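Data from my_file-v4.txt: compact mmCIF, C-alpha atoms and all ligand atoms
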```txt
# COMPACT_ATOMS: atom_id res chain seq x y z
CA MET P 11 1.83 -83.58 -13.96
CA ARG P 12 0.14 -86.28 -15.95
CA ILE P 13 0.72 -89.80 -17.19
CA ALA P 14 1.10 -89.57 -20.97
CA TRP P 15 0.96 -93.31 -21.50
CA VAL P 16 1.56 -96.51 -19.57
CA GLN P 17 2.33 -100.08 -20.55
CA LEU P 18 1.90 -103.03 -18.21
CA SER P 19 3.44 -106.42 -18.61
CA GLU P 20 2.37 -109.30 -16.33
CA VAL P 21 0.93 -106.99 -13.68
CA ARG P 22 -1.91 -108.40 -11.50
CA SER P 23 -4.70 -109.56 -13.84
CA TYR P 24 -3.04 -108.02 -16.94
CA ARG P 25 -0.79 -109.92 -19.34
CA THR P 26 -0.12 -106.82 -21.39
CA LEU P 27 -1.89 -103.53 -21.49
CA GLU P 28 -1.25 -100.15 -23.04
CA LEU P 29 -3.23 -97.10 -22.01
CA HIS P 30 -3.13 -93.55 -23.34
CA PRO P 31 -5.14 -91.53 -20.87
CA GLN P 32 -6.10 -87.92 -21.38
CA ALA P 33 -5.33 -84.92 -19.21
CA ARG P 34 -8.20 -84.15 -16.78
CA LEU P 35 -10.76 -86.85 -16.01
CA ASN P 36 -10.38 -90.51 -17.00
CA VAL P 37 -13.19 -92.83 -15.93
CA LEU P 38 -12.46 -96.56 -15.62
CA VAL P 39 -15.77 -98.35 -15.68
CA GLY P 40 -16.48 -102.06 -15.35
CA PRO P 41 -18.06 -104.83 -13.28
CA ASN P 42 -16.47 -106.14 -10.07
CA ALA P 43 -13.17 -108.02 -10.22
CA GLN P 44 -12.28 -106.89 -13.77
CA GLY P 45 -9.05 -105.08 -12.92
CA LYS P 46 -10.02 -101.47 -12.20
CA THR P 47 -8.18 -101.25 -8.87
CA ASN P 48 -5.32 -103.29 -10.34
CA LEU P 49 -4.88 -100.64 -13.01
CA LEU P 50 -5.00 -97.75 -10.52
CA GLU P 51 -2.40 -99.51 -8.41
CA ALA P 52 -0.15 -99.90 -11.46
CA LEU P 53 -0.53 -96.21 -12.34
CA GLY P 54 0.44 -95.31 -8.77
CA PHE P 55 3.40 -97.68 -8.96
CA LEU P 56 4.59 -96.05 -12.18
CA VAL P 57 4.55 -92.62 -10.54
CA THR P 58 5.77 -93.40 -7.01
CA GLY P 59 7.45 -96.82 -7.14
CA ARG P 60 5.08 -98.05 -4.45
CA SER P 61 1.69 -99.69 -4.22
CA PHE P 62 -1.06 -97.92 -2.27
CA ARG P 63 -2.60 -101.34 -1.75
CA THR P 64 0.16 -103.53 -0.41
CA SER P 65 3.65 -103.31 0.99
CA ARG P 66 4.40 -106.83 -0.33
CA ILE P 67 5.51 -106.20 -3.89
CA GLY P 68 5.39 -109.93 -4.65
CA GLU P 69 1.58 -109.62 -4.82
CA ILE P 70 1.79 -107.32 -7.84
CA PRO P 71 3.20 -109.59 -10.60
CA ARG P 72 0.66 -111.80 -12.31
CA TRP P 73 0.45 -115.16 -10.54
CA GLY P 74 3.06 -117.64 -11.78
CA VAL P 75 5.36 -115.21 -13.61
CA GLU P 76 9.01 -114.46 -12.83
CA ALA P 77 9.06 -110.82 -13.91
CA ALA P 78 6.70 -107.91 -14.39
CA SER P 79 7.10 -104.37 -15.60
CA ILE P 80 5.34 -101.04 -15.68
CA THR P 81 6.70 -98.50 -18.13
CA GLY P 82 5.41 -95.18 -19.30
CA GLU P 83 5.95 -91.51 -19.74
CA LEU P 84 5.27 -88.73 -17.28
CA ALA P 85 4.76 -85.18 -18.46
CA ARG P 86 4.78 -81.91 -16.63
CA ARG P 87 4.33 -78.34 -17.68
CA ALA P 88 6.60 -75.77 -16.11
CA SER P 89 6.62 -72.11 -17.22
CA GLY P 90 4.54 -73.01 -20.25
CA VAL P 91 6.93 -75.70 -21.52
CA GLU P 92 6.06 -79.40 -21.36
CA SER P 93 8.83 -81.81 -20.46
CA ARG P 94 8.57 -85.60 -20.56
CA ARG P 95 10.35 -88.35 -18.69
CA SER P 96 10.33 -92.06 -19.48
CA VAL P 97 9.97 -94.25 -16.43
CA ARG P 98 10.53 -97.96 -16.26
CA ARG P 99 9.80 -100.03 -13.21
CA ALA P 100 10.56 -103.71 -13.11
CA LEU P 101 9.74 -106.42 -10.59
CA LEU P 102 12.04 -109.42 -10.68
CA ARG P 103 11.98 -112.62 -8.71
CA GLY P 104 15.39 -113.50 -7.32
CA GLY P 105 16.78 -117.01 -6.94
CA ASP P 106 15.75 -116.88 -3.29
CA GLY P 107 12.13 -116.32 -4.34
CA ILE P 108 12.18 -112.76 -3.06
CA TRP P 109 10.84 -110.02 -5.34
CA GLN P 110 12.97 -106.98 -6.02
CA ALA P 111 11.82 -103.72 -7.53
CA THR P 112 14.03 -101.58 -9.73
CA GLY P 113 13.15 -98.19 -11.09
CA GLU P 114 14.70 -96.01 -13.76
CA GLY P 115 14.09 -92.42 -14.63
CA ALA P 116 11.50 -91.48 -12.03
CA PRO P 117 11.61 -87.71 -11.74
CA GLU P 118 11.83 -86.11 -8.31
CA TRP P 119 8.62 -84.11 -8.98
CA ALA P 120 6.40 -87.16 -9.59
CA ARG P 121 3.54 -87.37 -7.09
CA ALA P 122 0.29 -89.33 -6.89
CA ILE P 123 -2.51 -89.13 -4.37
CA ALA P 124 -4.64 -92.22 -4.01
CA PHE P 125 -8.07 -92.62 -2.45
CA GLY P 126 -9.66 -96.00 -1.79
CA TRP P 127 -12.43 -97.56 0.26
CA GLN P 128 -10.04 -98.17 3.17
CA ASP P 129 -9.55 -94.41 3.51
CA VAL P 130 -12.80 -94.09 5.43
CA GLU P 131 -10.72 -95.48 8.31
CA ILE P 132 -8.97 -92.12 8.47
CA VAL P 133 -12.28 -90.83 9.75
CA ASN P 134 -13.84 -93.75 11.59
CA GLY P 135 -10.90 -96.03 12.37
CA ALA P 136 -8.30 -96.23 15.13
CA PRO P 137 -5.76 -93.40 15.70
CA GLY P 138 -3.07 -95.33 13.77
CA ALA P 139 -5.01 -94.78 10.52
CA ARG P 140 -4.99 -91.02 11.10
CA ARG P 141 -1.29 -91.00 11.96
CA GLY P 142 -0.58 -92.98 8.79
CA PHE P 143 -2.62 -90.47 6.80
CA ILE P 144 -0.83 -87.39 8.13
CA ASP P 145 2.58 -89.06 7.84
CA GLY P 146 1.81 -89.85 4.19
CA ILE P 147 1.05 -86.20 3.50
CA ALA P 148 4.03 -84.96 5.50
CA ALA P 149 6.27 -87.30 3.48
CA ARG P 150 4.91 -85.94 0.19
CA LEU P 151 5.41 -82.36 1.41
CA TYR P 152 8.74 -82.77 3.23
CA PRO P 153 10.75 -85.63 1.73
CA THR P 154 12.93 -86.18 4.85
CA HIS P 155 9.87 -87.05 6.93
CA ALA P 156 9.85 -90.72 5.91
CA ALA P 157 13.46 -91.22 7.04
CA THR P 158 12.79 -89.50 10.38
CA LEU P 159 9.80 -91.77 10.88
CA VAL P 160 11.94 -94.86 10.30
CA ARG P 161 14.55 -93.58 12.77
CA TYR P 162 11.90 -92.73 15.35
CA ARG P 163 10.40 -96.22 15.11
CA GLN P 164 13.80 -97.83 15.58
CA VAL P 165 14.55 -95.73 18.66
CA LEU P 166 11.07 -96.39 20.02
CA ALA P 167 11.52 -100.14 19.59
CA ARG P 168 14.90 -100.03 21.38
CA ARG P 169 13.50 -97.95 24.21
CA ASN P 170 10.54 -100.29 24.62
CA ARG P 171 12.84 -103.32 24.72
CA ILE P 172 14.88 -101.68 27.50
CA LEU P 173 11.71 -100.84 29.42
CA GLN P 174 10.58 -104.44 29.16
CA ALA P 175 13.90 -106.07 29.97
CA HIS P 176 15.12 -103.82 32.76
CA ARG P 177 12.04 -102.25 34.27
CA ARG P 178 12.64 -103.59 37.74
CA GLU P 179 16.33 -102.68 37.81
CA PRO P 180 17.72 -99.62 39.60
CA GLY P 181 19.85 -98.65 36.56
CA LEU P 182 16.80 -98.22 34.30
CA ASP P 183 17.01 -94.43 34.09
CA ALA P 184 20.64 -94.42 33.02
CA ARG P 185 19.95 -97.09 30.38
CA LEU P 186 16.98 -95.19 29.00
CA GLU P 187 18.57 -91.77 28.89
CA PRO P 188 20.35 -91.85 25.50
CA TRP P 189 17.27 -93.38 23.87
CA SER P 190 14.96 -90.83 25.45
CA GLU P 191 17.13 -88.03 24.09
CA GLN P 192 17.01 -89.43 20.56
CA LEU P 193 13.30 -90.16 20.84
CA ALA P 194 12.67 -86.55 21.90
CA THR P 195 14.69 -85.10 19.03
CA SER P 196 13.22 -87.14 16.20
CA GLY P 197 9.79 -87.21 17.88
CA MET P 198 9.56 -83.43 17.97
CA GLU P 199 10.72 -83.27 14.35
CA LEU P 200 7.85 -85.56 13.38
CA ILE P 201 5.34 -83.57 15.40
CA ALA P 202 6.50 -80.27 13.88
CA ARG P 203 6.09 -81.61 10.33
CA ARG P 204 2.74 -83.19 11.09
CA ARG P 205 1.52 -79.88 12.52
CA ARG P 206 2.69 -78.06 9.41
CA ALA P 207 0.95 -80.65 7.24
CA VAL P 208 -2.28 -80.19 9.22
CA ALA P 209 -2.03 -76.41 8.90
CA ALA P 210 -1.47 -76.74 5.14
CA LEU P 211 -4.52 -79.01 4.88
CA GLN P 212 -6.85 -76.95 7.05
CA THR P 213 -7.43 -74.05 4.64
CA GLU P 214 -7.89 -76.29 1.62
CA LEU P 215 -10.10 -78.67 3.55
CA ALA P 216 -12.49 -75.82 4.35
CA ARG P 217 -12.60 -74.82 0.68
CA VAL P 218 -13.01 -78.37 -0.67
CA TRP P 219 -15.63 -79.24 1.92
CA SER P 220 -17.76 -76.21 1.13
CA ALA P 221 -17.56 -77.18 -2.57
CA LEU P 222 -18.50 -80.84 -1.92
CA ALA P 223 -21.07 -80.38 0.81
CA ALA P 224 -22.47 -77.19 -0.78
CA GLY P 225 -21.57 -75.03 2.20
CA HIS P 226 -24.07 -76.34 4.73
CA SER P 227 -21.57 -77.49 7.31
CA LYS P 228 -17.97 -77.00 8.40
CA VAL P 229 -15.18 -79.51 8.74
CA GLU P 230 -12.18 -78.99 10.96
CA ILE P 231 -8.95 -80.88 11.46
CA ARG P 232 -6.56 -80.45 14.39
CA TYR P 233 -3.42 -82.20 15.57
CA ARG P 234 -3.85 -83.79 18.98
CA THR P 235 -0.89 -84.46 21.21
CA ALA P 236 -0.35 -84.77 24.95
CA LEU P 237 2.39 -82.15 24.52
CA GLY P 238 0.00 -79.28 23.84
CA GLU P 239 1.65 -76.49 21.83
CA ALA P 240 5.21 -77.37 22.89
CA ALA P 241 7.78 -77.47 20.09
CA GLU P 242 11.07 -78.20 21.90
CA PRO P 243 12.49 -81.71 22.38
CA ARG P 244 12.81 -80.78 26.05
CA ALA P 245 9.00 -80.84 26.40
CA LEU P 246 8.90 -84.46 25.20
CA LEU P 247 11.81 -85.37 27.49
CA GLU P 248 9.97 -83.89 30.46
CA ALA P 249 6.77 -85.69 29.54
CA LEU P 250 8.74 -88.96 29.34
CA ALA P 251 10.19 -88.26 32.79
CA ARG P 252 6.70 -87.67 34.19
CA ALA P 253 5.47 -90.91 32.64
CA ARG P 254 8.54 -92.93 33.74
CA HIS P 255 6.86 -94.66 36.63
CA HIS P 256 3.90 -95.68 34.56
CA GLU P 257 6.17 -96.68 31.65
CA ALA P 258 8.24 -98.95 33.86
CA ARG P 259 5.07 -100.66 35.03
CA LEU P 260 3.68 -101.20 31.53
CA GLY P 261 7.00 -101.74 29.78
CA GLN P 262 6.31 -99.31 26.96
CA THR P 263 6.82 -95.71 25.88
CA LEU P 264 3.68 -93.76 26.64
CA VAL P 265 4.23 -90.31 25.12
CA GLY P 266 5.40 -89.21 21.70
CA PRO P 267 4.11 -88.94 18.15
CA HIS P 268 3.27 -92.67 18.09
CA ARG P 269 0.45 -91.88 20.57
CA ASP P 270 -0.87 -88.72 18.87
CA ASP P 271 -4.06 -88.38 16.85
CA LEU P 272 -6.03 -86.03 14.63
CA ALA P 273 -9.33 -84.48 15.62
CA LEU P 274 -11.83 -84.37 12.74
CA GLU P 275 -15.04 -82.51 13.38
CA ILE P 276 -18.16 -81.71 11.38
CA ASP P 277 -19.80 -78.61 12.84
CA GLY P 278 -17.94 -79.19 16.09
CA ALA P 279 -19.02 -82.85 16.50
CA ASP P 280 -16.50 -85.69 16.25
CA ALA P 281 -16.85 -87.11 12.74
CA ARG P 282 -15.78 -90.56 13.96
CA THR P 283 -18.64 -90.84 16.46
CA PHE P 284 -21.37 -88.70 14.95
CA GLY P 285 -20.73 -88.56 11.20
CA SER P 286 -23.10 -90.51 8.93
CA ARG P 287 -21.52 -93.16 6.71
CA GLY P 288 -21.79 -90.90 3.64
CA GLN P 289 -20.37 -87.96 5.57
CA GLN P 290 -17.43 -90.04 6.72
CA ARG P 291 -16.72 -91.11 3.13
CA LEU P 292 -16.96 -87.50 2.01
CA VAL P 293 -14.64 -86.21 4.75
CA ALA P 294 -12.07 -88.86 3.78
CA LEU P 295 -12.32 -87.84 0.11
CA ALA P 296 -12.17 -84.13 1.00
CA LEU P 297 -8.99 -84.77 3.02
CA ARG P 298 -7.34 -86.35 -0.02
CA LEU P 299 -8.46 -83.55 -2.32
CA ALA P 300 -7.33 -80.93 0.21
CA GLU P 301 -3.85 -82.38 -0.13
CA VAL P 302 -3.63 -81.48 -3.82
CA LEU P 303 -2.73 -77.79 -3.44
CA PRO P 304 -0.04 -78.15 -0.74
CA VAL P 305 1.55 -81.04 -2.65
CA THR P 306 1.42 -79.02 -5.89
CA GLU P 307 3.23 -76.17 -4.16
CA ALA P 308 5.84 -78.48 -2.63
CA ALA P 309 6.52 -80.54 -5.79
CA GLY P 310 6.16 -77.73 -8.31
CA THR P 311 3.53 -79.69 -10.26
CA ALA P 312 0.08 -81.09 -9.54
CA PRO P 313 -0.15 -84.73 -8.38
CA VAL P 314 -2.02 -87.39 -10.36
CA LEU P 315 -5.23 -88.39 -8.55
CA LEU P 316 -6.10 -92.09 -8.33
CA LEU P 317 -9.61 -92.38 -6.95
CA ASP P 318 -10.95 -95.87 -6.40
CA ASP P 319 -14.72 -96.03 -6.30
CA ALA P 320 -14.76 -92.55 -4.77
CA LEU P 321 -18.43 -91.89 -5.53
CA SER P 322 -19.98 -94.92 -3.88
CA GLU P 323 -22.31 -94.22 -0.94
CA LEU P 324 -22.67 -90.60 -2.03
CA ASP P 325 -26.03 -89.24 -3.13
CA PRO P 326 -26.50 -88.01 -6.74
CA ARG P 327 -26.20 -84.33 -5.86
CA VAL P 328 -22.95 -84.81 -3.93
CA ARG P 329 -21.57 -86.96 -6.78
CA GLU P 330 -22.27 -84.09 -9.13
CA LEU P 331 -20.38 -81.70 -6.84
CA VAL P 332 -17.43 -84.11 -6.52
CA LEU P 333 -17.21 -84.43 -10.32
CA ARG P 334 -17.29 -80.65 -10.64
CA GLU P 335 -14.43 -80.32 -8.12
CA LEU P 336 -12.44 -82.99 -9.99
CA GLY P 337 -12.85 -80.96 -13.19
CA ALA P 338 -10.14 -78.61 -11.90
CA ALA P 339 -7.50 -81.34 -11.42
CA GLU P 340 -4.71 -81.82 -13.93
CA GLN P 341 -5.23 -85.57 -14.28
CA VAL P 342 -7.63 -87.87 -12.48
CA PHE P 343 -8.38 -91.58 -12.76
CA LEU P 344 -11.72 -92.54 -11.27
CA THR P 345 -13.00 -96.11 -11.11
CA THR P 346 -16.67 -96.92 -10.95
CA PRO P 347 -18.81 -100.03 -11.37
CA GLU P 348 -21.53 -98.07 -13.20
CA PRO P 349 -21.34 -95.48 -16.01
CA LEU P 350 -21.26 -91.90 -14.74
CA GLY P 351 -22.10 -89.62 -17.63
CA ALA P 352 -19.39 -87.15 -16.63
CA ALA P 353 -19.08 -84.45 -19.31
CA GLY P 354 -15.68 -84.28 -21.01
CA ALA P 355 -14.32 -87.43 -19.38
CA ALA P 356 -12.41 -90.08 -21.32
CA VAL P 357 -14.19 -93.34 -20.54
CA PHE P 358 -12.43 -96.71 -20.57
CA ASP P 359 -14.30 -100.00 -20.23
CA VAL P 360 -12.38 -102.42 -18.04
CA ASN P 361 -13.39 -105.97 -18.70
CA GLY P 362 -11.68 -109.32 -18.30
CA GLY P 363 -8.11 -108.01 -18.22
CA GLY P 364 -8.58 -105.72 -21.22
CA ILE P 365 -9.32 -102.04 -21.55
CA PHE P 366 -11.40 -100.55 -24.30
CA ALA P 367 -11.93 -96.87 -25.00
CA ALA P 368 -15.69 -96.41 -24.78
N1 LIG W 1 -1.14 -111.04 -8.74
C1 LIG W 1 -2.27 -111.32 -9.43
N2 LIG W 1 -2.21 -112.12 -10.51
C2 LIG W 1 -3.33 -112.42 -11.22
N3 LIG W 1 -4.55 -111.95 -10.89
C3 LIG W 1 -4.68 -111.16 -9.82
C4 LIG W 1 -3.53 -110.81 -9.03
N4 LIG W 1 -3.95 -110.01 -8.03
C5 LIG W 1 -5.28 -109.88 -8.20
N5 LIG W 1 -5.73 -110.58 -9.27
C6 LIG W 1 -7.10 -110.69 -9.75
O1 LIG W 1 -7.61 -109.38 -9.99
C7 LIG W 1 -8.97 -109.38 -9.63
C8 LIG W 1 -9.35 -108.11 -8.92
O2 LIG W 1 -9.13 -107.04 -9.72
P1 LIG W 1 -9.49 -105.62 -9.14
O3 LIG W 1 -9.29 -105.56 -7.69
O4 LIG W 1 -8.75 -104.64 -9.96
O5 LIG W 1 -11.03 -105.57 -9.45
P2 LIG W 1 -11.97 -104.31 -9.61
O6 LIG W 1 -12.30 -104.15 -11.06
O7 LIG W 1 -11.36 -103.16 -8.94
O8 LIG W 1 -13.27 -104.82 -8.86
P3 LIG W 1 -14.24 -104.10 -7.78
O9 LIG W 1 -15.26 -103.35 -8.60
O10 LIG W 1 -14.85 -105.26 -7.09
O11 LIG W 1 -13.42 -103.25 -6.91
C9 LIG W 1 -9.18 -110.47 -8.61
O12 LIG W 1 -10.37 -111.14 -8.93
C10 LIG W 1 -7.97 -111.35 -8.71
O13 LIG W 1 -8.36 -112.61 -9.18
MG MG W 2 -11.75 -102.29 -7.11
```
Show me, as structure tokens, the structure contained in the file I just sent.
Amino acid sequence: MRIAWVQLSEVRSYRTLELHPQARLNVLVGPNAQGKTNLLEALGFLVTGRSFRTSRIGEIPRWGVEAASITGELARRASGVESRRSVRRALLRGGDGIWQATGEGAPEWARAIAFGWQDVEIVNGAPGARRGFIDGIAARLYPTHAATLVRYRQVLARRNRILQAHRREPGLDARLEPWSEQLATSGMELIARRRRAVAALQTELARVWSALAAGHSKVEIRYRTALGEAAEPRALLEALARARHHEARLGQTLVGPHRDDLALEIDGADARTFGSRGQQRLVALALRLAEVLPVTEAAGTAPVLLLDDALSELDPRVRELVLRELGAAEQVFLTTPEPLGAAGAAVFDVNGGGIFAA
């Protein structure tokens, strides 16, 4: 799919803006703080109805306004025929001061994959960043994943509250039981989808990495859980039973998908500990690009790529290879503080809240 055009009104640093990007590569170039990331965020919001930058939608409207909107047209080609859908997203401030988002016309096939500087945390950050990453992919591949995740978190919170409130009481086991059952069912569902997402990524990751790193090394991703290969809710229930004593002492649930992690290795060495800064950036970018094919297959159309400053910290040769890999994507937006000289790209100068085709 691609964004045929987009119009912003009162979004972040933009009063009004209209952009007609091309298919393939669009480069947004400009000095710091001129609105490049703001524009990427708005493009992502048009496609997905969410910001990749914040979960507080009230940050998105331009300061001081009461309403903001992002409208545009999304196009996709299926069996040689292009179809278009108009999308309108509005942000309105209610009387209570709380911002509400409304969306009209967003097609079910619309997908965007965003990459930003914070993504390096997938590689070098705490396990939560990796869980968030794989849950994001699983949600794009299997739309029910997000709802299961919400349910799992609610059950986990209830179970933890019981552990904290009643841990010294003899009736603890009986109180926990229904919550453990539910935790095991939705927990194993999450783990199964995360494993499938990892398997879908693995093959593409190997291909993308050999294209970006010119084949000198190998990257591997694996799902890590205390449950080994087990796939039945019973395995999680048994693990909870084994941990019960410990759980009662600490007042929290100690096994389940909320404690799992991903292993990321470059030539067999943990990328988090041993990867160079540039390598870590490149692994994070490769993970995002590896997601394109599985998401394309699941959604029936290629996602739009929103890459924020994706080339920084990479050496000139690797940048060249990244740009070559991006040449195959249906539509890409790439921000950069300095001109790139990418052949065939549409270049837009972003400066002081305006955008000018260069
Ligand atoms: N809600 C808002 N209303 C008005 N202005 C905003 C709002 N949110 C952010 N800004 C302004 O947008 C500017 C940042 O824009 P943005 O993050 O897009 O910059 P950038 O071009 O990506 O810069 P860099 O190269 O440093 O990443 C900030 O300086 C801030 O003042
Ligand atoms: Mg930026």
Please, what distance in Å, to one decimal, runs between CA of Ala85 in chain P and CA of Gln17 in chain P?
-> 15.2 Å
Do you know which residues are at most 12 Å from Gly68 in chain P counting all atoms listed in the file, after dropping those on the same chain fewer than 4 positions away, and could you put them as a list in words?
-> Val21, Arg22, Arg60, Ser61, Thr64, Arg72, Trp73, Gly74, Val75, Glu76, Ala77, Ala78, Ala100, Leu101, Leu102, Arg103, Gly104, Gly107, Ile108, Trp109, Gln110 and Ala111 of chain P
Selected residues written out, C-alpha atoms, as a PDB file, keeping the file's coordinate frame:
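Just written: again32.pdb:
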```pdb
ATOM      1  CA  VAL P  21       0.930-106.990 -13.680  1.00  0.00           C
ATOM      2  CA  ARG P  22      -1.910-108.400 -11.500  1.00  0.00           C
ATOM      3  CA  ARG P  60       5.080 -98.050  -4.450  1.00  0.00           C
ATOM      4  CA  SER P  61       1.690 -99.690  -4.220  1.00  0.00           C
ATOM      5  CA  THR P  64       0.160-103.530  -0.410  1.00  0.00           C
ATOM      6  CA  ARG P  72       0.660-111.800 -12.310  1.00  0.00           C
ATOM      7  CA  TRP P  73       0.450-115.160 -10.540  1.00  0.00           C
ATOM      8  CA  GLY P  74       3.060-117.640 -11.780  1.00  0.00           C
ATOM      9  CA  VAL P  75       5.360-115.210 -13.610  1.00  0.00           C
ATOM     10  CA  GLU P  76       9.010-114.460 -12.830  1.00  0.00           C
ATOM     11  CA  ALA P  77       9.060-110.820 -13.910  1.00  0.00           C
ATOM     12  CA  ALA P  78       6.700-107.910 -14.390  1.00  0.00           C
ATOM     13  CA  ALA P 100      10.560-103.710 -13.110  1.00  0.00           C
ATOM     14  CA  LEU P 101       9.740-106.420 -10.590  1.00  0.00           C
ATOM     15  CA  LEU P 102      12.040-109.420 -10.680  1.00  0.00           C
ATOM     16  CA  ARG P 103      11.980-112.620  -8.710  1.00  0.00           C
ATOM     17  CA  GLY P 104      15.390-113.500  -7.320  1.00  0.00           C
ATOM     18  CA  GLY P 107      12.130-116.320  -4.340  1.00  0.00           C
ATOM     19  CA  ILE P 108      12.180-112.760  -3.060  1.00  0.00           C
ATOM     20  CA  TRP P 109      10.840-110.020  -5.340  1.00  0.00           C
ATOM     21  CA  GLN P 110      12.970-106.980  -6.020  1.00  0.00           C
ATOM     22  CA  ALA P 111      11.820-103.720  -7.530  1.00  0.00           C
TER      23      ALA P 111
END
```
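With all atoms listed in the file as the atoms that count, the residue of P:Glu248, P:Glu242, P:Glu214, P:Asp319 with the shortest distance to ligand MG 2 (chain W) is P:Asp319.
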Using all atoms listed in the file, I'd like a table of the residues in chain P that come within 8 Å of ligand MG 2 (chain W); for each, show the closest atom pair and its distance in Å rounded to one decimal, ordered by chain and ascending number, as a tab-separated table.
```
residue	atom	partner	partner_atom	distance
P:Asn42	CA	W:MG2	MG	6.8
P:Ala43	CA	W:MG2	MG	6.7
P:Gly45	CA	W:MG2	MG	7.0
P:Lys46	CA	W:MG2	MG	5.4
P:Thr47	CA	W:MG2	MG	4.1
P:Asn48	CA	W:MG2	MG	7.3
P:Asp318	CA	W:MG2	MG	6.5
P:Asp319	CA	W:MG2	MG	7.0
P:Thr345	CA	W:MG2	MG	7.5
```
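Shortest separation to Ala167 in chain P among P:Pro153, P:Gly135, P:Gly261, P:Gly115 occurs at residue P:Gly261, atoms counted being all atoms listed in the file.
When the distance limit is 12 Å and only C-alpha atoms are what count, the residues near Ile365 in chain P, minus those fewer than 5 positions from it on the same chain, are Gln17, Leu18, Ser23, Tyr24, Arg25, Thr26, Leu27, Glu28, Leu29, His30, Pro31, Val37, Leu38, Val39, Gly40, Gln44, Gly45, Lys46, Asn48, Leu49, Val357, Phe358, Asp359 and Val360 of chain P.
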Would you fill out range 131-142 of chain P with N, CA, C and O atoms and return it as a PDB file, in the coordinates of the input?
```pdb
ATOM      1  N   GLU P 131     -11.317 -95.234   6.984  1.00  0.00           N
ATOM      2  CA  GLU P 131     -10.720 -95.480   8.310  1.00  0.00           C
ATOM      3  C   GLU P 131      -9.990 -94.263   8.866  1.00  0.00           C
ATOM      4  O   GLU P 131      -9.804 -94.157  10.073  1.00  0.00           O
ATOM      5  N   ILE P 132      -9.584 -93.366   7.976  1.00  0.00           N
ATOM      6  CA  ILE P 132      -8.970 -92.120   8.470  1.00  0.00           C
ATOM      7  C   ILE P 132      -9.977 -91.415   9.370  1.00  0.00           C
ATOM      8  O   ILE P 132      -9.633 -90.804  10.368  1.00  0.00           O
ATOM      9  N   VAL P 133     -11.247 -91.529   8.985  1.00  0.00           N
ATOM     10  CA  VAL P 133     -12.280 -90.830   9.750  1.00  0.00           C
ATOM     11  C   VAL P 133     -12.834 -91.707  10.874  1.00  0.00           C
ATOM     12  O   VAL P 133     -12.957 -91.246  12.011  1.00  0.00           O
ATOM     13  N   ASN P 134     -13.143 -92.969  10.558  1.00  0.00           N
ATOM     14  CA  ASN P 134     -13.840 -93.750  11.590  1.00  0.00           C
ATOM     15  C   ASN P 134     -13.013 -94.876  12.210  1.00  0.00           C
ATOM     16  O   ASN P 134     -13.513 -95.632  13.026  1.00  0.00           O
ATOM     17  N   GLY P 135     -11.719 -94.947  11.841  1.00  0.00           N
ATOM     18  CA  GLY P 135     -10.900 -96.030  12.370  1.00  0.00           C
ATOM     19  C   GLY P 135     -10.110 -95.639  13.610  1.00  0.00           C
ATOM     20  O   GLY P 135     -10.355 -94.604  14.237  1.00  0.00           O
ATOM     21  N   ALA P 136      -9.143 -96.461  13.955  1.00  0.00           N
ATOM     22  CA  ALA P 136      -8.300 -96.230  15.130  1.00  0.00           C
ATOM     23  C   ALA P 136      -7.291 -95.103  14.836  1.00  0.00           C
ATOM     24  O   ALA P 136      -7.050 -94.774  13.680  1.00  0.00           O
ATOM     25  N   PRO P 137      -6.695 -94.511  15.890  1.00  0.00           N
ATOM     26  CA  PRO P 137      -5.760 -93.400  15.700  1.00  0.00           C
ATOM     27  C   PRO P 137      -4.622 -93.703  14.725  1.00  0.00           C
ATOM     28  O   PRO P 137      -4.160 -92.821  14.013  1.00  0.00           O
ATOM     29  N   GLY P 138      -4.173 -94.966  14.658  1.00  0.00           N
ATOM     30  CA  GLY P 138      -3.070 -95.330  13.770  1.00  0.00           C
ATOM     31  C   GLY P 138      -3.381 -94.983  12.312  1.00  0.00           C
ATOM     32  O   GLY P 138      -2.483 -94.609  11.555  1.00  0.00           O
ATOM     33  N   ALA P 139      -4.637 -95.106  11.899  1.00  0.00           N
ATOM     34  CA  ALA P 139      -5.010 -94.780  10.520  1.00  0.00           C
ATOM     35  C   ALA P 139      -4.830 -93.290  10.265  1.00  0.00           C
ATOM     36  O   ALA P 139      -4.380 -92.881   9.187  1.00  0.00           O
ATOM     37  N   ARG P 140      -5.156 -92.473  11.264  1.00  0.00           N
ATOM     38  CA  ARG P 140      -4.990 -91.020  11.100  1.00  0.00           C
ATOM     39  C   ARG P 140      -3.516 -90.626  11.116  1.00  0.00           C
ATOM     40  O   ARG P 140      -3.077 -89.757  10.379  1.00  0.00           O
ATOM     41  N   ARG P 141      -2.735 -91.293  11.964  1.00  0.00           N
ATOM     42  CA  ARG P 141      -1.290 -91.000  11.960  1.00  0.00           C
ATOM     43  C   ARG P 141      -0.688 -91.387  10.608  1.00  0.00           C
ATOM     44  O   ARG P 141       0.117 -90.653  10.047  1.00  0.00           O
ATOM     45  N   GLY P 142      -1.093 -92.546  10.090  1.00  0.00           N
ATOM     46  CA  GLY P 142      -0.580 -92.980   8.790  1.00  0.00           C
ATOM     47  C   GLY P 142      -0.945 -91.976   7.703  1.00  0.00           C
ATOM     48  O   GLY P 142      -0.140 -91.669   6.819  1.00  0.00           O
TER      49      GLY P 142
END
```
